[in-house]
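To be precise, the following lines are protein35.txt, and they hold compact mmCIF, C-alpha atoms.
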# COMPACT_ATOMS: atom_id res chain seq x y z
CA MET A 1 -15.15 -25.26 9.11
CA GLN A 2 -14.48 -22.88 6.23
CA LEU A 3 -17.93 -21.41 6.77
CA LEU A 4 -17.25 -20.87 10.47
CA LEU A 5 -13.98 -19.12 9.65
CA TYR A 6 -15.73 -16.83 7.18
CA GLY A 7 -18.44 -16.14 9.74
CA VAL A 8 -15.96 -15.18 12.46
CA LEU A 9 -13.86 -13.06 10.10
CA LEU A 10 -16.77 -11.22 8.51
CA THR A 11 -18.33 -10.53 11.91
CA PHE A 12 -14.99 -9.15 13.06
CA VAL A 13 -14.72 -6.98 9.94
CA VAL A 14 -18.23 -5.59 10.31
CA PHE A 15 -17.76 -4.81 13.99
CA ALA A 16 -14.37 -3.21 13.31
CA ALA A 17 -16.00 -1.02 10.65
CA LEU A 18 -18.78 -0.02 13.08
CA ALA A 19 -16.13 0.72 15.71
CA VAL A 20 -14.34 3.03 13.27
CA ALA A 21 -17.58 4.91 12.70
CA PHE A 22 -18.72 5.16 16.31
CA LEU A 23 -15.60 5.36 18.49
CA ARG A 24 -15.17 8.85 19.87
CA ASP A 25 -11.41 8.73 20.35
CA ILE A 26 -9.77 9.13 16.94
CA LEU A 27 -6.72 7.08 17.97
CA SER A 28 -8.96 4.13 18.84
CA ALA A 29 -10.83 4.59 15.55
CA ILE A 30 -7.56 4.45 13.60
CA ILE A 31 -6.50 1.28 15.38
CA ALA A 32 -9.93 -0.23 14.68
CA PHE A 33 -9.46 0.76 11.03
CA ALA A 34 -6.13 -1.09 10.93
CA GLY A 35 -7.89 -4.11 12.42
CA PHE A 36 -10.59 -3.81 9.76
CA SER A 37 -7.98 -3.78 6.96
CA PHE A 38 -6.22 -6.75 8.48
CA GLY A 39 -9.45 -8.75 8.68
CA VAL A 40 -10.29 -7.92 5.07
CA ALA A 41 -6.76 -8.99 4.04
CA ILE A 42 -7.31 -12.41 5.66
CA VAL A 43 -10.66 -12.71 3.85
CA TYR A 44 -8.82 -12.02 0.56
CA ILE A 45 -6.32 -14.77 1.37
CA LEU A 46 -9.18 -17.22 2.02
CA LEU A 47 -10.66 -16.20 -1.34
CA ARG A 48 -7.31 -17.08 -3.00
CA ALA A 49 -6.36 -13.54 -3.88
CA PRO A 50 -2.91 -13.29 -2.23
CA ASP A 51 -1.80 -10.34 -4.38
CA VAL A 52 -4.72 -8.21 -3.27
CA ALA A 53 -4.32 -9.44 0.31
CA LEU A 54 -0.66 -8.34 0.39
CA THR A 55 -1.62 -4.91 -0.91
CA GLU A 56 -4.44 -4.56 1.62
CA ALA A 57 -2.21 -5.64 4.52
CA ALA A 58 0.75 -3.46 3.54
CA VAL A 59 -1.10 -0.34 2.41
CA GLY A 60 -4.43 -0.57 4.27
CA ALA A 61 -3.27 -1.87 7.61
CA GLY A 62 0.28 -0.52 7.52
CA VAL A 63 0.91 2.67 5.61
CA THR A 64 -2.49 4.40 5.88
CA THR A 65 -2.56 3.74 9.62
CA VAL A 66 0.82 5.40 10.03
CA LEU A 67 -0.16 8.38 7.88
CA PHE A 68 -3.41 8.79 9.85
CA LEU A 69 -1.45 8.61 13.12
CA LEU A 70 0.85 11.36 11.85
CA ALA A 71 -2.15 13.44 10.88
CA ILE A 72 -3.81 13.26 14.31
CA VAL A 73 -0.66 14.01 16.31
CA ARG A 74 -1.61 17.67 16.41
CA THR A 75 -5.29 17.20 17.12
CA VAL A 76 -6.70 17.21 20.64
CA ARG A 77 -8.79 14.56 22.33
CA PRO A 78 -12.43 15.51 22.70
CA GLY A 79 -13.40 16.10 26.28
CA GLY A 80 -15.76 13.91 28.30
CA ASP A 81 -15.70 10.25 29.12
CA ARG A 82 -18.14 8.94 26.53
CA LEU A 83 -16.71 6.00 24.61
CA PHE A 84 -18.92 6.30 21.54
CA GLU A 85 -19.92 9.13 19.28
CA ARG A 86 -23.54 10.28 19.30
CA VAL A 87 -25.41 8.92 16.30
CA ALA A 88 -26.31 11.57 13.74
CA TRP A 89 -29.61 10.22 12.47
CA GLY A 90 -29.73 11.90 9.07
CA PRO A 91 -26.42 10.54 7.75
CA ALA A 92 -27.08 7.21 9.50
CA ILE A 93 -30.36 6.77 7.61
CA ILE A 94 -28.71 7.71 4.28
CA ALA A 95 -25.83 5.28 4.92
CA THR A 96 -28.18 2.47 5.90
CA GLY A 97 -30.27 3.09 2.79
CA LEU A 98 -27.16 2.97 0.59
CA VAL A 99 -26.04 -0.28 2.22
CA GLY A 100 -29.52 -1.69 1.61
CA VAL A 101 -29.39 -0.76 -2.07
CA LEU A 102 -25.94 -2.29 -2.45
CA LEU A 103 -27.02 -5.47 -0.65
CA THR A 104 -29.67 -6.09 -3.31
CA THR A 105 -26.87 -6.67 -5.85
CA VAL A 106 -25.30 -9.44 -3.75
CA ARG A 107 -27.87 -11.94 -5.00
CA SER A 108 -26.72 -11.55 -8.60
CA LEU A 109 -23.06 -12.24 -7.80
CA PRO A 110 -21.83 -15.74 -8.75
CA THR A 111 -21.16 -18.05 -5.80
CA ILE A 112 -17.53 -18.46 -4.74
CA GLY A 113 -15.72 -20.97 -6.94
CA ASP A 114 -18.62 -21.30 -9.39
CA PRO A 115 -17.15 -22.90 -12.57
CA ASN A 116 -19.93 -21.35 -14.68
CA SER A 117 -19.41 -17.79 -13.53
CA PRO A 118 -18.82 -15.25 -16.32
CA VAL A 119 -15.24 -14.67 -15.18
CA ALA A 120 -14.27 -18.35 -15.22
CA THR A 121 -15.82 -19.08 -18.61
CA SER A 122 -14.66 -15.86 -20.26
CA GLU A 123 -12.57 -16.09 -23.42
CA ILE A 124 -10.07 -13.56 -22.00
CA THR A 125 -9.50 -15.56 -18.79
CA ARG A 126 -8.87 -18.69 -20.83
CA TYR A 127 -6.44 -16.83 -23.13
CA TYR A 128 -4.37 -15.47 -20.22
CA LEU A 129 -4.27 -18.78 -18.36
CA GLU A 130 -3.16 -20.66 -21.47
CA ASN A 131 -0.71 -18.15 -22.91
CA ALA A 132 0.71 -16.15 -20.01
CA TYR A 133 3.43 -18.64 -19.10
CA PRO A 134 4.57 -19.63 -22.62
CA GLN A 135 4.63 -16.00 -23.73
CA THR A 136 6.21 -14.33 -20.70
CA ASP A 137 8.04 -17.07 -18.68
CA VAL A 138 6.38 -15.62 -15.60
CA GLU A 139 4.59 -18.03 -13.27
CA ASN A 140 2.35 -15.52 -11.54
CA VAL A 141 -0.39 -14.71 -14.06
CA VAL A 142 -1.35 -11.58 -12.13
CA THR A 143 2.15 -10.18 -12.54
CA ALA A 144 2.22 -11.22 -16.20
CA ILE A 145 -1.01 -9.35 -16.90
CA LEU A 146 -0.05 -6.29 -14.85
CA ALA A 147 3.46 -5.81 -16.17
CA ALA A 148 3.27 -7.28 -19.67
CA TYR A 149 -0.22 -7.43 -21.20
CA ARG A 150 -1.38 -4.35 -19.31
CA GLY A 151 2.05 -2.75 -18.96
CA PHE A 152 0.85 0.58 -20.28
CA ASP A 153 -1.90 0.75 -17.63
CA THR A 154 0.65 -0.08 -14.95
CA LEU A 155 2.86 2.72 -16.23
CA GLY A 156 -0.13 5.01 -15.75
CA GLU A 157 -0.60 3.75 -12.19
CA ALA A 158 3.06 4.34 -11.40
CA ALA A 159 2.71 7.84 -12.85
CA VAL A 160 -0.28 8.46 -10.56
CA VAL A 161 1.74 7.40 -7.50
CA LEU A 162 4.62 9.59 -8.64
CA ALA A 163 2.30 12.54 -9.23
CA ALA A 164 0.72 12.13 -5.78
CA GLY A 165 4.15 12.10 -4.17
CA LEU A 166 5.29 15.15 -6.11
CA ALA A 167 2.07 17.01 -5.31
CA VAL A 168 2.53 16.46 -1.59
CA LEU A 169 6.17 17.53 -1.84
CA VAL A 170 5.15 20.72 -3.63
CA VAL A 171 2.31 21.51 -1.22
CA LEU A 172 4.15 20.77 2.03
CA ARG A 173 7.48 22.27 1.07
CA LYS A 174 6.36 25.17 -1.02
CA GLU A 175 9.20 27.38 0.03
CA VAL A 176 11.63 25.05 -1.74
CA TYR A 177 9.81 24.26 -4.95
CA VAL A 178 7.70 27.25 -5.90
CA MET B 179 17.32 13.67 22.29
CA SER B 180 15.39 14.10 19.08
CA ALA B 181 12.27 15.15 20.93
CA ALA B 182 14.29 17.96 22.46
CA ASP B 183 13.85 20.25 19.48
CA GLY B 184 10.11 19.84 19.82
CA SER B 185 9.82 18.24 16.39
CA LEU B 186 7.17 15.75 17.42
CA SER B 187 6.13 15.81 21.03
CA ALA B 188 4.47 12.42 20.61
CA TYR B 189 7.86 10.74 20.32
CA VAL B 190 8.82 8.79 23.41
CA GLU B 191 12.14 7.01 23.58
CA SER B 192 11.37 3.43 24.50
CA THR B 193 14.00 0.73 24.91
CA ILE B 194 11.50 -2.01 24.16
CA ILE B 195 10.37 -0.47 20.88
CA MET B 196 13.93 0.40 19.82
CA THR B 197 15.19 -3.11 20.52
CA THR B 198 12.23 -4.75 18.79
CA VAL B 199 12.57 -2.56 15.72
CA ARG B 200 16.33 -3.13 15.61
CA VAL B 201 15.70 -6.89 15.44
CA VAL B 202 12.61 -6.91 13.22
CA SER B 203 13.27 -4.18 10.64
CA PRO B 204 16.07 -5.99 8.72
CA PHE B 205 13.72 -8.93 8.23
CA VAL B 206 10.87 -6.67 7.13
CA PHE B 207 13.20 -4.90 4.69
CA THR B 208 14.43 -8.22 3.29
CA PHE B 209 10.88 -9.54 3.00
CA GLY B 210 9.92 -6.41 1.08
CA LEU B 211 12.79 -6.93 -1.34
CA PHE B 212 11.78 -10.60 -1.65
CA VAL B 213 8.20 -9.67 -2.52
CA MET B 214 9.51 -7.19 -5.09
CA PHE B 215 12.03 -9.56 -6.72
CA HIS B 216 9.84 -12.64 -6.47
CA GLY B 217 6.66 -11.07 -7.79
CA ALA B 218 7.05 -12.98 -11.03
CA GLU B 219 6.89 -16.39 -9.35
CA SER B 220 4.66 -15.89 -6.34
CA ALA B 221 2.19 -13.41 -4.93
CA GLY B 222 3.46 -9.89 -4.76
CA GLY B 223 5.15 -7.37 -6.97
CA GLY B 224 6.44 -3.86 -7.02
CA PHE B 225 3.52 -2.13 -5.32
CA GLN B 226 3.34 -4.54 -2.39
CA GLY B 227 7.10 -4.92 -2.00
CA GLY B 228 7.61 -1.18 -2.16
CA ALA B 229 5.02 -0.62 0.57
CA ILE B 230 6.70 -3.21 2.80
CA VAL B 231 10.18 -1.71 2.26
CA ALA B 232 8.79 1.73 3.05
CA SER B 233 7.14 0.45 6.23
CA SER B 234 10.48 -0.89 7.46
CA ILE B 235 11.92 2.63 7.13
CA ILE B 236 8.84 4.10 8.84
CA MET B 237 9.34 1.60 11.68
CA LEU B 238 12.83 2.98 12.17
CA ALA B 239 11.43 6.50 12.27
CA PHE B 240 8.86 5.47 14.87
CA ALA B 241 11.47 3.85 17.10
CA PHE B 242 14.37 6.27 16.81
CA GLY B 243 12.55 9.51 16.08
CA ILE B 244 11.79 11.15 12.77
CA GLU B 245 14.54 13.77 12.78
CA PRO B 246 17.44 11.28 13.27
CA THR B 247 15.94 9.10 10.54
CA ARG B 248 15.71 12.08 8.22
CA GLU B 249 19.35 12.91 8.89
CA TRP B 250 20.31 9.30 8.20
CA LEU B 251 18.22 9.00 5.02
CA ASP B 252 18.30 12.37 3.33
CA ASP B 253 15.35 13.63 1.30
CA SER B 254 17.55 13.90 -1.78
CA VAL B 255 18.36 10.16 -1.54
CA ILE B 256 14.64 9.33 -1.51
CA ARG B 257 14.02 11.64 -4.46
CA LEU B 258 16.89 9.96 -6.31
CA ILE B 259 15.37 6.51 -5.65
CA VAL B 260 11.96 7.64 -6.95
CA GLY B 261 13.57 9.19 -10.02
CA VAL B 262 15.63 6.08 -10.78
CA GLY B 263 12.51 3.91 -10.44
CA ALA B 264 10.47 6.04 -12.83
CA THR B 265 13.36 6.27 -15.29
CA THR B 266 13.80 2.49 -15.23
CA PHE B 267 10.15 1.87 -16.10
CA VAL B 268 9.95 4.47 -18.87
CA GLY B 269 13.45 3.63 -20.09
CA ILE B 270 12.59 -0.04 -20.59
CA GLY B 271 9.48 1.00 -22.47
CA ILE B 272 11.30 3.42 -24.76
CA GLY B 273 14.30 1.12 -25.11
CA ALA B 274 12.07 -1.44 -26.82
CA LEU B 275 11.41 1.15 -29.54
CA ALA B 276 15.13 1.21 -30.33
CA PHE B 277 14.99 -2.52 -31.04
CA ASP B 278 12.12 -2.09 -33.54
CA GLY B 279 9.51 -3.16 -31.01
CA ALA B 280 6.41 -1.45 -29.70
CA PHE B 281 6.49 0.62 -26.51
CA LEU B 282 7.02 -1.76 -23.55
CA GLU B 283 7.37 -4.80 -25.88
CA TYR B 284 9.92 -6.69 -23.80
CA ALA B 285 10.38 -9.42 -26.40
CA ALA B 286 11.91 -6.85 -28.75
CA TYR B 287 15.17 -6.88 -26.79
CA GLY B 288 15.93 -10.34 -28.18
CA ILE B 289 17.45 -11.69 -24.96
CA SER B 290 16.40 -15.20 -23.95
CA HIS B 291 13.70 -14.91 -21.28
CA GLY B 292 13.74 -11.20 -22.12
CA VAL B 293 10.07 -10.76 -21.26
CA LYS B 294 10.65 -12.14 -17.77
CA TYR B 295 13.64 -9.89 -17.10
CA GLY B 296 11.73 -6.94 -18.49
CA ILE B 297 8.81 -7.63 -16.16
CA GLU B 298 11.12 -8.00 -13.17
CA LEU B 299 12.96 -4.77 -13.91
CA VAL B 300 9.64 -2.96 -14.29
CA GLU B 301 8.49 -4.39 -10.93
CA LEU B 302 11.70 -3.13 -9.31
CA GLY B 303 11.11 0.30 -10.83
CA ILE B 304 7.55 0.36 -9.46
CA GLY B 305 8.87 -0.80 -6.09
CA ALA B 306 11.39 2.06 -6.00
CA ILE B 307 8.68 4.59 -6.89
CA VAL B 308 6.21 3.30 -4.30
CA ALA B 309 8.75 2.92 -1.50
CA GLY B 310 10.23 6.35 -2.15
CA VAL B 311 6.89 8.11 -2.41
CA ILE B 312 5.54 6.52 0.78
CA VAL B 313 8.68 7.37 2.76
CA SER B 314 8.70 10.93 1.48
CA LEU B 315 4.97 11.27 2.23
CA PHE B 316 5.71 10.16 5.78
CA MET B 317 8.75 12.36 6.24
CA ASN B 318 7.08 15.44 4.76
CA LEU B 319 3.82 15.01 6.67
CA ALA B 320 5.88 14.69 9.85
CA GLY B 321 8.11 17.60 8.88
CA GLY B 322 5.10 19.73 7.97
CA PHE B 323 4.30 20.03 11.66
CA ASN B 324 7.63 21.74 12.27
CA HIS B 325 7.25 24.33 9.56
CA ASP B 326 3.66 25.18 10.35
CA SER B 327 3.83 25.02 14.13
CA GLY B 328 3.68 28.80 14.41
CA GLY B 329 1.48 29.57 11.45
CA ASP B 330 -1.63 27.53 11.00
CA ASP B 331 -3.16 27.61 14.47
CA THR B 332 -6.85 28.13 13.87
Show me the file's structure as structure tokens.
Amino acid sequence: MQLLLYGVLLTFVVFAALAVAFLRDILSAIIAFAGFSFGVAIVYILLRAPDVALTEAAVGAGVTTVLFLLAIVRTVRPGGDRLFERVAWGPAIIATGLVGVLLTTVRSLPTIGDPNSPVATSEITRYYLENAYPQTDVENVVTAILAAYRGFDTLGEAAVVLAAGLAVLVVLRKEVYV
Amino acid sequence: MSAADGSLSAYVESTIIMTTVRVVSPFVFTFGLFVMFHGAESAGGGFQGGAIVASSIIMLAFAFGIEPTREWLDDSVIRLIVGVGATTFVGIGIGALAFDGAFLEYAAYGISHGVKYGIELVELGIGAIVAGVIVSLFMNLAGGFNHDSGGDDT
């Protein structure tokens, strides 16, 4: 049952990704991209990573889609009735080769839920799982690590978001800020 | 009405979308706040909650037009929210120094469950930054079309 669900979801994700690459109409491609993000988010939930799934659903399927939509408002639809883009063989061969190379690493990944995987047996994982709650009173270990043990890194991430926002403000509204 | 000034010709006033957004957006906004506040106990946190809060504002802009939304939620308000978020995060970090702790050492404040409150405040700060930046990205990308409409035709 679980396997079937994974099969359906992963097939959907792969086809959505192919649709993004091949659809000629950019609006359709953006919608396919949102569908791709949504499928990946559900895969993350099945893999018990709800924090990542929430981020993927909110940012990948939600915010990026909207920003892309805004960006294409001023573009024009390509003429003609063809549904799909013509395949450019050079880039297609390079992309396929890259996918092939990456696929060779899949074999060395631990199986899902393997108790002997390096992550599960690691000293650091054990330390966080044992000490995060007594030391921080926070039940979500991910939050405890992000905001307490790795708080400085998270400050850096927040600074990156802030810098990105400021950069766009400066670029788009230059008459006000420069 | 808002499309009249040619701000975004793609905007179409639709009763169905406006009614749906009017009903749904308060729930989305509340869910975003929940994810932000409840990040310590369940999945979520500042980044996710901030993105959800921002998307509820963007929904409003989609339904009622970007210009009316910009008039309702001024750019300076968004900038203030971002600034308050960043100040909260850095302030909590530096405040710990005043209590003889290390930077961002929440336990230094000496309040019971201080670490937890510190983490939650930091998450709220992150949420404010993310929500504000996403909304201002949206508003400025949309507004950019107005400013450039004469200039950047290639």
Report the distance between atom CA of Ala264 of chain B and atom CA of Ala61 of chain A in Å, rounded to one decimal place.
->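 Atom-to-atom, atom CA of Ala264 of chain B to atom CA of Ala61 of chain A, that is 25.9 Å.
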Taking a cut-off of 9 Å and counting only C-alpha atoms, can you build a table that, for each residue of chain B near chain A, reports the nearest atom pair and how far apart they are in Å (one decimal), sorted by chain then residue number, as JSON lines?
{"residue": "B:Leu186", "atom": "CA", "partner": "A:Val73", "partner_atom": "CA", "distance": 8.1}
{"residue": "B:Ser187", "atom": "CA", "partner": "A:Val73", "partner_atom": "CA", "distance": 8.5}
{"residue": "B:Ala188", "atom": "CA", "partner": "A:Val73", "partner_atom": "CA", "distance": 6.9}
{"residue": "B:Gly217", "atom": "CA", "partner": "A:Thr143", "partner_atom": "CA", "distance": 6.6}
{"residue": "B:Ala218", "atom": "CA", "partner": "A:Val138", "partner_atom": "CA", "distance": 5.3}
{"residue": "B:Glu219", "atom": "CA", "partner": "A:Glu139", "partner_atom": "CA", "distance": 4.8}
{"residue": "B:Ser220", "atom": "CA", "partner": "A:Asn140", "partner_atom": "CA", "distance": 5.7}
{"residue": "B:Ala221", "atom": "CA", "partner": "A:Asp51", "partner_atom": "CA", "distance": 5.1}
{"residue": "B:Gly222", "atom": "CA", "partner": "A:Asp51", "partner_atom": "CA", "distance": 5.3}
{"residue": "B:Gly223", "atom": "CA", "partner": "A:Thr143", "partner_atom": "CA", "distance": 6.9}
{"residue": "B:Phe225", "atom": "CA", "partner": "A:Thr55", "partner_atom": "CA", "distance": 7.3}
{"residue": "B:Gln226", "atom": "CA", "partner": "A:Thr55", "partner_atom": "CA", "distance": 5.2}
{"residue": "B:Gly227", "atom": "CA", "partner": "A:Ala58", "partner_atom": "CA", "distance": 8.6}
{"residue": "B:Ala229", "atom": "CA", "partner": "A:Ala58", "partner_atom": "CA", "distance": 5.9}
{"residue": "B:Ile230", "atom": "CA", "partner": "A:Ala58", "partner_atom": "CA", "distance": 6.0}
{"residue": "B:Ala232", "atom": "CA", "partner": "A:Val63", "partner_atom": "CA", "distance": 8.3}
{"residue": "B:Ser233", "atom": "CA", "partner": "A:Val63", "partner_atom": "CA", "distance": 6.6}
{"residue": "B:Ile236", "atom": "CA", "partner": "A:Val66", "partner_atom": "CA", "distance": 8.2}
{"residue": "B:Val260", "atom": "CA", "partner": "A:Leu162", "partner_atom": "CA", "distance": 7.8}
{"residue": "B:Ala264", "atom": "CA", "partner": "A:Ala158", "partner_atom": "CA", "distance": 7.7}
{"residue": "B:Phe267", "atom": "CA", "partner": "A:Leu155", "partner_atom": "CA", "distance": 7.3}
{"residue": "B:Val268", "atom": "CA", "partner": "A:Leu155", "partner_atom": "CA", "distance": 7.8}
{"residue": "B:Gly271", "atom": "CA", "partner": "A:Phe152", "partner_atom": "CA", "distance": 8.9}
{"residue": "B:Phe281", "atom": "CA", "partner": "A:Phe152", "partner_atom": "CA", "distance": 8.4}
{"residue": "B:Leu282", "atom": "CA", "partner": "A:Gly151", "partner_atom": "CA", "distance": 6.8}
{"residue": "B:Glu283", "atom": "CA", "partner": "A:Ala148", "partner_atom": "CA", "distance": 7.8}
{"residue": "B:Tyr284", "atom": "CA", "partner": "A:Ala148", "partner_atom": "CA", "distance": 7.9}
{"residue": "B:Ala285", "atom": "CA", "partner": "A:Thr136", "partner_atom": "CA", "distance": 8.6}
{"residue": "B:His291", "atom": "CA", "partner": "A:Asp137", "partner_atom": "CA", "distance": 6.6}
{"residue": "B:Gly292", "atom": "CA", "partner": "A:Thr136", "partner_atom": "CA", "distance": 8.3}
{"residue": "B:Val293", "atom": "CA", "partner": "A:Thr136", "partner_atom": "CA", "distance": 5.3}
{"residue": "B:Lys294", "atom": "CA", "partner": "A:Asp137", "partner_atom": "CA", "distance": 5.7}
{"residue": "B:Gly296", "atom": "CA", "partner": "A:Ala148", "partner_atom": "CA", "distance": 8.5}
{"residue": "B:Ile297", "atom": "CA", "partner": "A:Ala147", "partner_atom": "CA", "distance": 5.7}
{"residue": "B:Glu298", "atom": "CA", "partner": "A:Ala147", "partner_atom": "CA", "distance": 8.5}
{"residue": "B:Val300", "atom": "CA", "partner": "A:Ala147", "partner_atom": "CA", "distance": 7.1}
{"residue": "B:Glu301", "atom": "CA", "partner": "A:Ala147", "partner_atom": "CA", "distance": 7.4}
{"residue": "B:Ile304", "atom": "CA", "partner": "A:Ala158", "partner_atom": "CA", "distance": 6.3}
{"residue": "B:Ile307", "atom": "CA", "partner": "A:Leu162", "partner_atom": "CA", "distance": 6.7}
{"residue": "B:Val308", "atom": "CA", "partner": "A:Val161", "partner_atom": "CA", "distance": 6.9}
{"residue": "B:Gly310", "atom": "CA", "partner": "A:Gly165", "partner_atom": "CA", "distance": 8.6}
{"residue": "B:Val311", "atom": "CA", "partner": "A:Gly165", "partner_atom": "CA", "distance": 5.2}
{"residue": "B:Ile312", "atom": "CA", "partner": "A:Gly165", "partner_atom": "CA", "distance": 7.6}
{"residue": "B:Ser314", "atom": "CA", "partner": "A:Gly165", "partner_atom": "CA", "distance": 7.3}
{"residue": "B:Leu315", "atom": "CA", "partner": "A:Gly165", "partner_atom": "CA", "distance": 6.5}
{"residue": "B:Phe316", "atom": "CA", "partner": "A:Leu67", "partner_atom": "CA", "distance": 6.5}
{"residue": "B:Asn318", "atom": "CA", "partner": "A:Leu172", "partner_atom": "CA", "distance": 6.7}
{"residue": "B:Leu319", "atom": "CA", "partner": "A:Leu70", "partner_atom": "CA", "distance": 7.0}
{"residue": "B:Ala320", "atom": "CA", "partner": "A:Leu70", "partner_atom": "CA", "distance": 6.4}
{"residue": "B:Gly321", "atom": "CA", "partner": "A:Leu172", "partner_atom": "CA", "distance": 8.5}
{"residue": "B:Gly322", "atom": "CA", "partner": "A:Leu172", "partner_atom": "CA", "distance": 6.1}
{"residue": "B:Phe323", "atom": "CA", "partner": "A:Arg74", "partner_atom": "CA", "distance": 7.9}
{"residue": "B:His325", "atom": "CA", "partner": "A:Arg173", "partner_atom": "CA", "distance": 8.7}
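Atom CA of Val206 of chain B lies 24.8 Å from atom CA of Leu27 of chain A.
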Could you name the residues that touch segment 28-35 of chain A at 8 Å or less, counting only C-alpha atoms, but leaving out those on the same chain fewer than 3 positions away, as a PyMOL selection string?
-> chain A and resi 13+16-17+19-25+38-39+60-62+65+68-69
Rounded to one decimal place, report the atom CA of Ser203 of chain B-atom CA of Leu238 of chain B distance in Å.
->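 Rounded to one decimal, the two atoms are 7.3 Å apart.
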Exercise on segment 311-320 of chain B, axis-aligned box with 6 Å per side, report centre and edge lengths in Å to one decimal, as lines of an AutoDock Vina configuration file:
center_x = 6.3
center_y = 11.0
center_z = 3.7
size_x = 16.9
size_y = 20.9
size_z = 24.3
Counting only C-alpha atoms, write as a PyMOL selection string all protein and nucleic acid residues lying at most 7 Å from (12.9, 0.9, -8.9) in the file's frame.
-> chain B and resi 259+262-264+266+302-307
Using C-alpha atoms, can you write the selected residues to a file as a tab-separated table (two decimals), in the frame of the given file?
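As a result, out-v6.tsv now contains:
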chain	number	residue	atom	x	y	z
B	259	ILE	CA	15.37	6.51	-5.65
B	262	VAL	CA	15.63	6.08	-10.78
B	263	GLY	CA	12.51	3.91	-10.44
B	264	ALA	CA	10.47	6.04	-12.83
B	266	THR	CA	13.80	2.49	-15.23
B	302	LEU	CA	11.70	-3.13	-9.31
B	303	GLY	CA	11.11	0.30	-10.83
B	304	ILE	CA	7.55	0.36	-9.46
B	305	GLY	CA	8.87	-0.80	-6.09
B	306	ALA	CA	11.39	2.06	-6.00
B	307	ILE	CA	8.68	4.59	-6.89
Determine, counting all atoms listed in the file, which protein, DNA and RNA residues have an atom within 12 Å of an atom of Thr193 of chain B; residues of the same chain fewer than 6 positions away are not included. Present the result as an MDAnalysis selection string.
-> chainID B and resid 199:200 241:242
Store the residues of this selection in a file with C-alpha atoms, as a PDB file, in the coordinates of the input.
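That gives us again-v9.pdb:
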ATOM      1  CA  VAL B 199      12.570  -2.560  15.720  1.00  0.00           C
ATOM      2  CA  ARG B 200      16.330  -3.130  15.610  1.00  0.00           C
ATOM      3  CA  ALA B 241      11.470   3.850  17.100  1.00  0.00           C
ATOM      4  CA  PHE B 242      14.370   6.270  16.810  1.00  0.00           C
TER       5      PHE B 242
END
